[in-house]
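The block underneath contains the structure these notes are about, expressed in structure tokens.
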Amino acid sequence: MSVVDVVAWDSNPNLKLTPHFFLSQHRKKTATACAFAKQGRGLIKVNGQPIENIEPECLRLKAFEPVLILGQDKFANLDIRIRVKGGGMTAQIYAIRSAIAKSIVAYYAKYVDESSKNELRATLLAYDRNLLVADPRRREPKKYGGRGARARFQKSYR
């Protein structure tokens with residue numbers, strides 16, 4: 001931006017600064033979670049619903065893990081919207097938790113400072129490496145001669 005652009009920006013009251021935002025994505029098996037983090041009031045929504053309504057209830061705590069580890073104060077001025085699709089229920093929950101963790105680390109790296117980002121990253125990695133690093137395991141395809149990837153049909157010799 002040149003000086004002229006800045007003056008024009010300041011003189012026009014209709015132009016507003018856009019809030020800081022960051023987009024991150026995480027996969028677990030075939031489930032994909034895309035997190036959109038921006039300045040806000042501390043809301044976390046998954047597919048338009050609050051994170052407190054995630055089903056199944058027994059895995060809800062898994063999705064809360066990044067918030068519980070880092071503390072609610074780190075999320076106080078941050079809104080996170082997550083879209084998740086594909087995979088099963090468990091894979092979606094794991095993709096959600098990783099997307100939340102990656103988005104807050106990336107947001108702090110881009111808009112806050114490097115030292116706090118390193119502190120968040122170290123805390124998350126000490127708890128569970130899979131919060132920030134993707135799990136490369138995938139389903140192995142079925143082959144002929146058996147009912148699965150490795151299992152073979154039984155032979156009978158008469």
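Chains: A, B, ... in order of the structure tokens. Residues: from 1 per chain. Ligands: from 1, in order shown.
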(message) Neighbouring residues of Lys117 in chain A were defined as those with any atom within 10 Å, considering only C-alpha atoms; residues of the same chain fewer than 5 positions away were excluded. Please report them as a list in words.
(response) Ile104, Val105, Ala106, Tyr107, Tyr108, Ala109, Lys110, Tyr111, Val112, Ala122 and Thr123 of chain A
What lies within 8 Å of range 139-149 of chain A using only C-alpha atoms, ignoring chain neighbours under 3 positions off, as an mmCIF file with N, CA and C atoms, in the first residue's frame?
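The result, written out as out-v9.cif:
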```cif
data_model
loop_
_atom_site.group_PDB
_atom_site.id
_atom_site.type_symbol
_atom_site.label_atom_id
_atom_site.label_comp_id
_atom_site.auth_asym_id
_atom_site.auth_seq_id
_atom_site.Cartn_x
_atom_site.Cartn_y
_atom_site.Cartn_z
ATOM 1 N N LYS A 29 -7.593 -40.869 8.202
ATOM 2 C CA LYS A 29 -8.135 -41.859 7.273
ATOM 3 C C LYS A 29 -8.811 -41.120 6.122
ATOM 4 N N ARG A 152 -5.881 -65.078 3.270
ATOM 5 C CA ARG A 152 -6.057 -65.900 2.069
ATOM 6 C C ARG A 152 -7.131 -66.950 2.333
ATOM 7 N N PHE A 153 -7.737 -67.427 1.251
ATOM 8 C CA PHE A 153 -8.685 -68.541 1.393
ATOM 9 C C PHE A 153 -7.918 -69.795 1.777
#
```
(request) Compare A:Gly42, A:Ser156, A:Ala31, A:His20 by their minimum atom-to-atom distance to Gly87 in chain A, counting only C-alpha atoms, and give me the closest one. (result) A:Ala31
(request) Assign secondary structure with DSSP using the backbone only, and return the residues of range 59-102 of chain A in strand (DSSP E) as a ChimeraX atom specification. (result) /A:78-85
Next, write the just-selected residues to a file, as a PDB file, in the first residue's frame, keeping N, CA and C atoms as the atom set.
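Output (result-v3.pdb):
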```pdb
ATOM      1  N   LEU A  78     -10.813 -15.988  20.047  1.00  0.00           N
ATOM      2  CA  LEU A  78     -10.656 -16.705  18.791  1.00  0.00           C
ATOM      3  C   LEU A  78     -11.915 -17.495  18.489  1.00  0.00           C
ATOM      4  N   ASP A  79     -12.483 -17.303  17.307  1.00  0.00           N
ATOM      5  CA  ASP A  79     -13.606 -18.117  16.847  1.00  0.00           C
ATOM      6  C   ASP A  79     -13.070 -19.146  15.857  1.00  0.00           C
ATOM      7  N   ILE A  80     -13.487 -20.393  16.014  1.00  0.00           N
ATOM      8  CA  ILE A  80     -13.057 -21.450  15.103  1.00  0.00           C
ATOM      9  C   ILE A  80     -14.299 -22.119  14.528  1.00  0.00           C
ATOM     10  N   ARG A  81     -14.409 -22.112  13.194  1.00  0.00           N
ATOM     11  CA  ARG A  81     -15.480 -22.825  12.494  1.00  0.00           C
ATOM     12  C   ARG A  81     -14.850 -24.010  11.798  1.00  0.00           C
ATOM     13  N   ILE A  82     -15.429 -25.191  11.989  1.00  0.00           N
ATOM     14  CA  ILE A  82     -14.863 -26.410  11.418  1.00  0.00           C
ATOM     15  C   ILE A  82     -15.907 -27.075  10.535  1.00  0.00           C
ATOM     16  N   ARG A  83     -15.487 -27.447   9.322  1.00  0.00           N
ATOM     17  CA  ARG A  83     -16.304 -28.273   8.440  1.00  0.00           C
ATOM     18  C   ARG A  83     -15.636 -29.630   8.365  1.00  0.00           C
ATOM     19  N   VAL A  84     -16.410 -30.670   8.618  1.00  0.00           N
ATOM     20  CA  VAL A  84     -15.841 -32.019   8.567  1.00  0.00           C
ATOM     21  C   VAL A  84     -16.729 -32.899   7.709  1.00  0.00           C
ATOM     22  N   LYS A  85     -16.084 -33.749   6.895  1.00  0.00           N
ATOM     23  CA  LYS A  85     -16.852 -34.654   6.045  1.00  0.00           C
ATOM     24  C   LYS A  85     -16.008 -35.901   5.788  1.00  0.00           C
TER      25      LYS A  85
END
```
(message) Given only C-alpha atoms as the basis, pick out the residue of A:Leu61, A:Ile44, A:Arg97, A:Ala91 nearest to Arg137 in chain A.
(response)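 The answer is A:Ala91, which sits nearest to Arg137 in chain A.
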(request) Write out as a list in words which residues come within 10 Å of Ile93 in chain A when counting only C-alpha atoms, dropping same-chain ones fewer than 5 positions away. (result) Lys28, Ala31, Ala33, Ile54, Glu55, Pro56, Leu59, Arg60, Leu61, Lys62, Ala63, Phe64, Val84, Gly87, Gly88, Ser98 and Ala99 of chain A
(request) Could you give me, as a ChimeraX atom specification, the residues within 8 Å of range 124-129 of chain A, counting only C-alpha atoms and dropping anything in the same chain fewer than 4 positions from it? (result) /A:66,69-70,101,120,133
Store the residues picked out above, limited to N, CA and C atoms, as an mmCIF file, in the first residue's frame.
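After the write, selection.cif holds the following:
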```
data_model
loop_
_atom_site.group_PDB
_atom_site.id
_atom_site.type_symbol
_atom_site.label_atom_id
_atom_site.label_comp_id
_atom_site.auth_asym_id
_atom_site.auth_seq_id
_atom_site.Cartn_x
_atom_site.Cartn_y
_atom_site.Cartn_z
ATOM 1 N N PRO A 66 -7.561 -30.186 22.727
ATOM 2 C CA PRO A 66 -6.699 -29.005 22.558
ATOM 3 C C PRO A 66 -7.090 -27.848 23.472
ATOM 4 N N ILE A 69 -6.025 -28.800 27.115
ATOM 5 C CA ILE A 69 -4.565 -28.812 27.299
ATOM 6 C C ILE A 69 -4.014 -27.393 27.368
ATOM 7 N N LEU A 70 -4.424 -26.549 26.424
ATOM 8 C CA LEU A 70 -3.869 -25.202 26.333
ATOM 9 C C LEU A 70 -4.547 -24.212 27.269
ATOM 10 N N ALA A 101 -6.143 -27.902 16.921
ATOM 11 C CA ALA A 101 -4.780 -27.708 17.418
ATOM 12 C C ALA A 101 -3.900 -27.019 16.377
ATOM 13 N N LEU A 120 3.013 -23.150 22.652
ATOM 14 C CA LEU A 120 1.809 -23.934 22.362
ATOM 15 C C LEU A 120 2.162 -25.241 21.675
ATOM 16 N N VAL A 133 0.806 -33.613 13.956
ATOM 17 C CA VAL A 133 1.416 -34.366 12.863
ATOM 18 C C VAL A 133 0.404 -35.386 12.360
#
```
(message) Show me, as JSON, numbers by chain, the residues that have an atom within 8 Å of Gly86 in chain A when counting only C-alpha atoms, minus same-chain residues fewer than 6 positions from it.
(response) {"A": [30, 31, 32, 92]}
(message) as number ranges by chain, please: every residue in chain A that a backbone DSSP assignment puts in helix (DSSP H, G or I).
(response) A: 3-11, 51-53, 57-70, 72-75, 89-112, 114-127, 129-131
